[in-house]
Amino acid sequence: MAITCDFYGPLREAVGRKTITHDVSTDATVGDVLESIAVDHPELGELLFSDGDLRETMNVSVNSRHVRLQDGLETPVEDGDTVRAYPPAEGGST
């Protein structure tokens with residue numbers, strides 16, 4: 001199955017581009033997808049994971065729904081899903 005992955009900020013820099021289409025098995029989870037990509041991009045893994053879990057400072061969503069509101073890294077993915085990984089938003093003006 002094909003999963004589209006979008007990366008923002010330093011995660012994009014670690015991967016070298018904004019979007020990757022990644023093939024995974026039919027029973028894959030968000031964690032499987034991101035860990036598989038991190039094999040080729042170790043800096044991505046360092047930014048996203050700490051002690052085998054998603055860093056509290058990173059956000060990941062599947063089809064615009066945050067995985068922390070689902071099953072975390074164990075959230076299943078389906079063919080055609082979009083996974084987005086991004087740091088917290090910063091900046092702005094008052």
# chains A, B, ... in the order shown; residues from 1 in each chain; ligands from 1
>>> residues_around(residues="range 13-26 of chain A", least_positions_apart="4", cutoff="6 Å", atoms="only C-alpha atoms", output="NGL selection string")
:A and (1-7 or 41 or 43-44)
>>> write_last_selection(atoms="N, CA and C atoms", output="short mmCIF file (atom, residue, chain, number, x, y, z; two decimals), in the first residue's frame")
data_model
loop_
_atom_site.label_atom_id
_atom_site.label_comp_id
_atom_site.auth_asym_id
_atom_site.auth_seq_id
_atom_site.Cartn_x
_atom_site.Cartn_y
_atom_site.Cartn_z
N MET A 1 0.83 -1.18 0.00
CA MET A 1 0.00 0.00 0.00
C MET A 1 0.87 1.24 0.00
N ALA A 2 0.38 2.26 -0.65
CA ALA A 2 1.14 3.50 -0.78
C ALA A 2 0.63 4.54 0.21
N ILE A 3 1.55 5.07 1.00
CA ILE A 3 1.25 6.11 1.99
C ILE A 3 2.04 7.35 1.59
N THR A 4 1.38 8.50 1.58
CA THR A 4 2.05 9.77 1.33
C THR A 4 2.48 10.35 2.66
N CYS A 5 3.72 10.77 2.76
CA CYS A 5 4.23 11.36 4.00
C CYS A 5 4.73 12.77 3.71
N ASP A 6 4.23 13.73 4.47
CA ASP A 6 4.65 15.12 4.36
C ASP A 6 5.45 15.48 5.61
N PHE A 7 6.57 16.15 5.41
CA PHE A 7 7.45 16.55 6.51
C PHE A 7 7.64 18.06 6.49
N HIS A 41 16.91 7.67 6.57
CA HIS A 41 17.13 9.05 7.02
C HIS A 41 17.24 9.06 8.55
N GLU A 43 18.57 10.87 10.78
CA GLU A 43 18.30 12.13 11.49
C GLU A 43 16.80 12.30 11.75
N LEU A 44 15.97 11.81 10.85
CA LEU A 44 14.52 11.86 11.05
C LEU A 44 14.14 11.10 12.31
#
>>> select_by_dssp(residues="range 5-89 of chain A", states="strand (DSSP E)", output="list of chain:residue names")
A:Cys5, A:Asp6, A:Phe7, A:Thr19, A:Ile20, A:Thr21, A:His22, A:Asp23, A:Phe49, A:Ser50, A:Asp53, A:Leu54, A:Asn59, A:Val60, A:Ser61, A:Val62, A:Arg65, A:His66, A:Thr82, A:Val83, A:Arg84, A:Ala85, A:Tyr86
>>> write_last_selection(atoms="N, CA and C atoms", output="compact mmCIF listing (two decimals), in the first residue's frame")
# COMPACT_ATOMS: atom_id res chain seq x y z
N CYS A 5 3.72 10.77 2.76
CA CYS A 5 4.23 11.36 4.00
C CYS A 5 4.73 12.77 3.71
N ASP A 6 4.23 13.73 4.47
CA ASP A 6 4.65 15.12 4.36
C ASP A 6 5.45 15.48 5.61
N PHE A 7 6.57 16.15 5.41
CA PHE A 7 7.45 16.55 6.51
C PHE A 7 7.64 18.06 6.49
N THR A 19 7.73 15.80 0.54
CA THR A 19 6.80 14.68 0.39
C THR A 19 7.51 13.42 -0.09
N ILE A 20 7.15 12.31 0.55
CA ILE A 20 7.65 10.99 0.15
C ILE A 20 6.42 10.09 0.01
N THR A 21 6.38 9.30 -1.03
CA THR A 21 5.39 8.23 -1.13
C THR A 21 6.10 6.95 -0.75
N HIS A 22 5.54 6.26 0.25
CA HIS A 22 6.22 5.11 0.83
C HIS A 22 5.32 3.89 0.79
N ASP A 23 5.85 2.77 0.34
CA ASP A 23 5.08 1.52 0.29
C ASP A 23 5.28 0.73 1.58
N PHE A 49 11.69 10.37 17.45
CA PHE A 49 11.52 9.35 18.48
C PHE A 49 12.45 9.54 19.67
N SER A 50 11.95 9.13 20.83
CA SER A 50 12.75 9.09 22.05
C SER A 50 12.31 7.86 22.82
N ASP A 53 9.26 5.95 21.46
CA ASP A 53 7.97 6.61 21.37
C ASP A 53 8.14 7.96 20.67
N LEU A 54 7.03 8.53 20.27
CA LEU A 54 7.05 9.84 19.62
C LEU A 54 7.44 10.90 20.64
N ASN A 59 4.62 16.46 16.33
CA ASN A 59 3.23 16.19 16.00
C ASN A 59 3.17 15.29 14.77
N VAL A 60 2.27 14.32 14.81
CA VAL A 60 2.06 13.44 13.67
C VAL A 60 0.56 13.27 13.50
N SER A 61 0.10 13.38 12.26
CA SER A 61 -1.32 13.17 11.98
C SER A 61 -1.48 12.21 10.80
N VAL A 62 -2.64 11.56 10.79
CA VAL A 62 -3.03 10.73 9.65
C VAL A 62 -4.32 11.34 9.12
N ARG A 65 -5.82 14.04 11.29
CA ARG A 65 -6.24 13.71 12.65
C ARG A 65 -5.01 13.27 13.45
N HIS A 66 -4.72 14.01 14.51
CA HIS A 66 -3.53 13.78 15.31
C HIS A 66 -3.52 12.36 15.87
N THR A 82 -2.52 9.95 4.17
CA THR A 82 -1.45 10.93 4.24
C THR A 82 -1.03 11.09 5.70
N VAL A 83 0.25 10.85 5.94
CA VAL A 83 0.84 11.04 7.26
C VAL A 83 1.63 12.34 7.21
N ARG A 84 1.39 13.20 8.19
CA ARG A 84 2.13 14.46 8.28
C ARG A 84 2.89 14.51 9.59
N ALA A 85 4.14 14.89 9.53
CA ALA A 85 4.98 15.02 10.74
C ALA A 85 5.52 16.44 10.77
N TYR A 86 5.35 17.09 11.94
CA TYR A 86 5.73 18.49 12.04
C TYR A 86 6.02 18.88 13.49
>>> residues_around(residues="Leu73 in chain A", least_positions_apart="5", cutoff="10 Å", atoms="only C-alpha atoms", output="mmCIF file with C-alpha atoms, in the first residue's frame")
data_model
loop_
_atom_site.group_PDB
_atom_site.id
_atom_site.type_symbol
_atom_site.label_atom_id
_atom_site.label_comp_id
_atom_site.auth_asym_id
_atom_site.auth_seq_id
_atom_site.Cartn_x
_atom_site.Cartn_y
_atom_site.Cartn_z
ATOM 1 C CA THR A 29 0.970 1.467 11.547
ATOM 2 C CA VAL A 30 2.095 5.082 11.612
ATOM 3 C CA GLY A 31 5.118 3.970 13.617
ATOM 4 C CA ASP A 32 5.997 1.356 10.995
ATOM 5 C CA VAL A 33 5.853 3.974 8.246
ATOM 6 C CA LEU A 34 7.998 6.539 10.058
ATOM 7 C CA GLU A 35 10.507 3.983 11.354
ATOM 8 C CA GLY A 52 10.810 4.104 21.135
ATOM 9 C CA ASP A 53 7.967 6.607 21.373
ATOM 10 C CA LEU A 54 7.047 9.840 19.621
ATOM 11 C CA VAL A 60 2.057 13.443 13.665
ATOM 12 C CA SER A 61 -1.317 13.173 11.978
ATOM 13 C CA VAL A 67 -2.286 10.303 16.233
ATOM 14 C CA ARG A 68 -2.226 11.196 19.946
#
>>> atom_distance(atom1="CA of Leu11 in chain A", atom2="CA of Leu47 in chain A")
7.1 Å
>>> atom_distance(atom1="CA of Leu69 in chain A", atom2="CA of Glu46 in chain A")
22.8 Å
>>> select_by_dssp(residues="chain A", states="alpha helix (DSSP H)", output="ChimeraX atom specification")
/A:10-15,30-40,42-48
>>> closest_residue(among="A:Gly80, A:Pro42, A:Gly9, A:Gly72", to="Arg55 in chain A", atoms="only C-alpha atoms")
A:Gly72
>>> atom_distance(atom1="CA of Met58 in chain A", atom2="CA of Asp27 in chain A")
23.9 Å
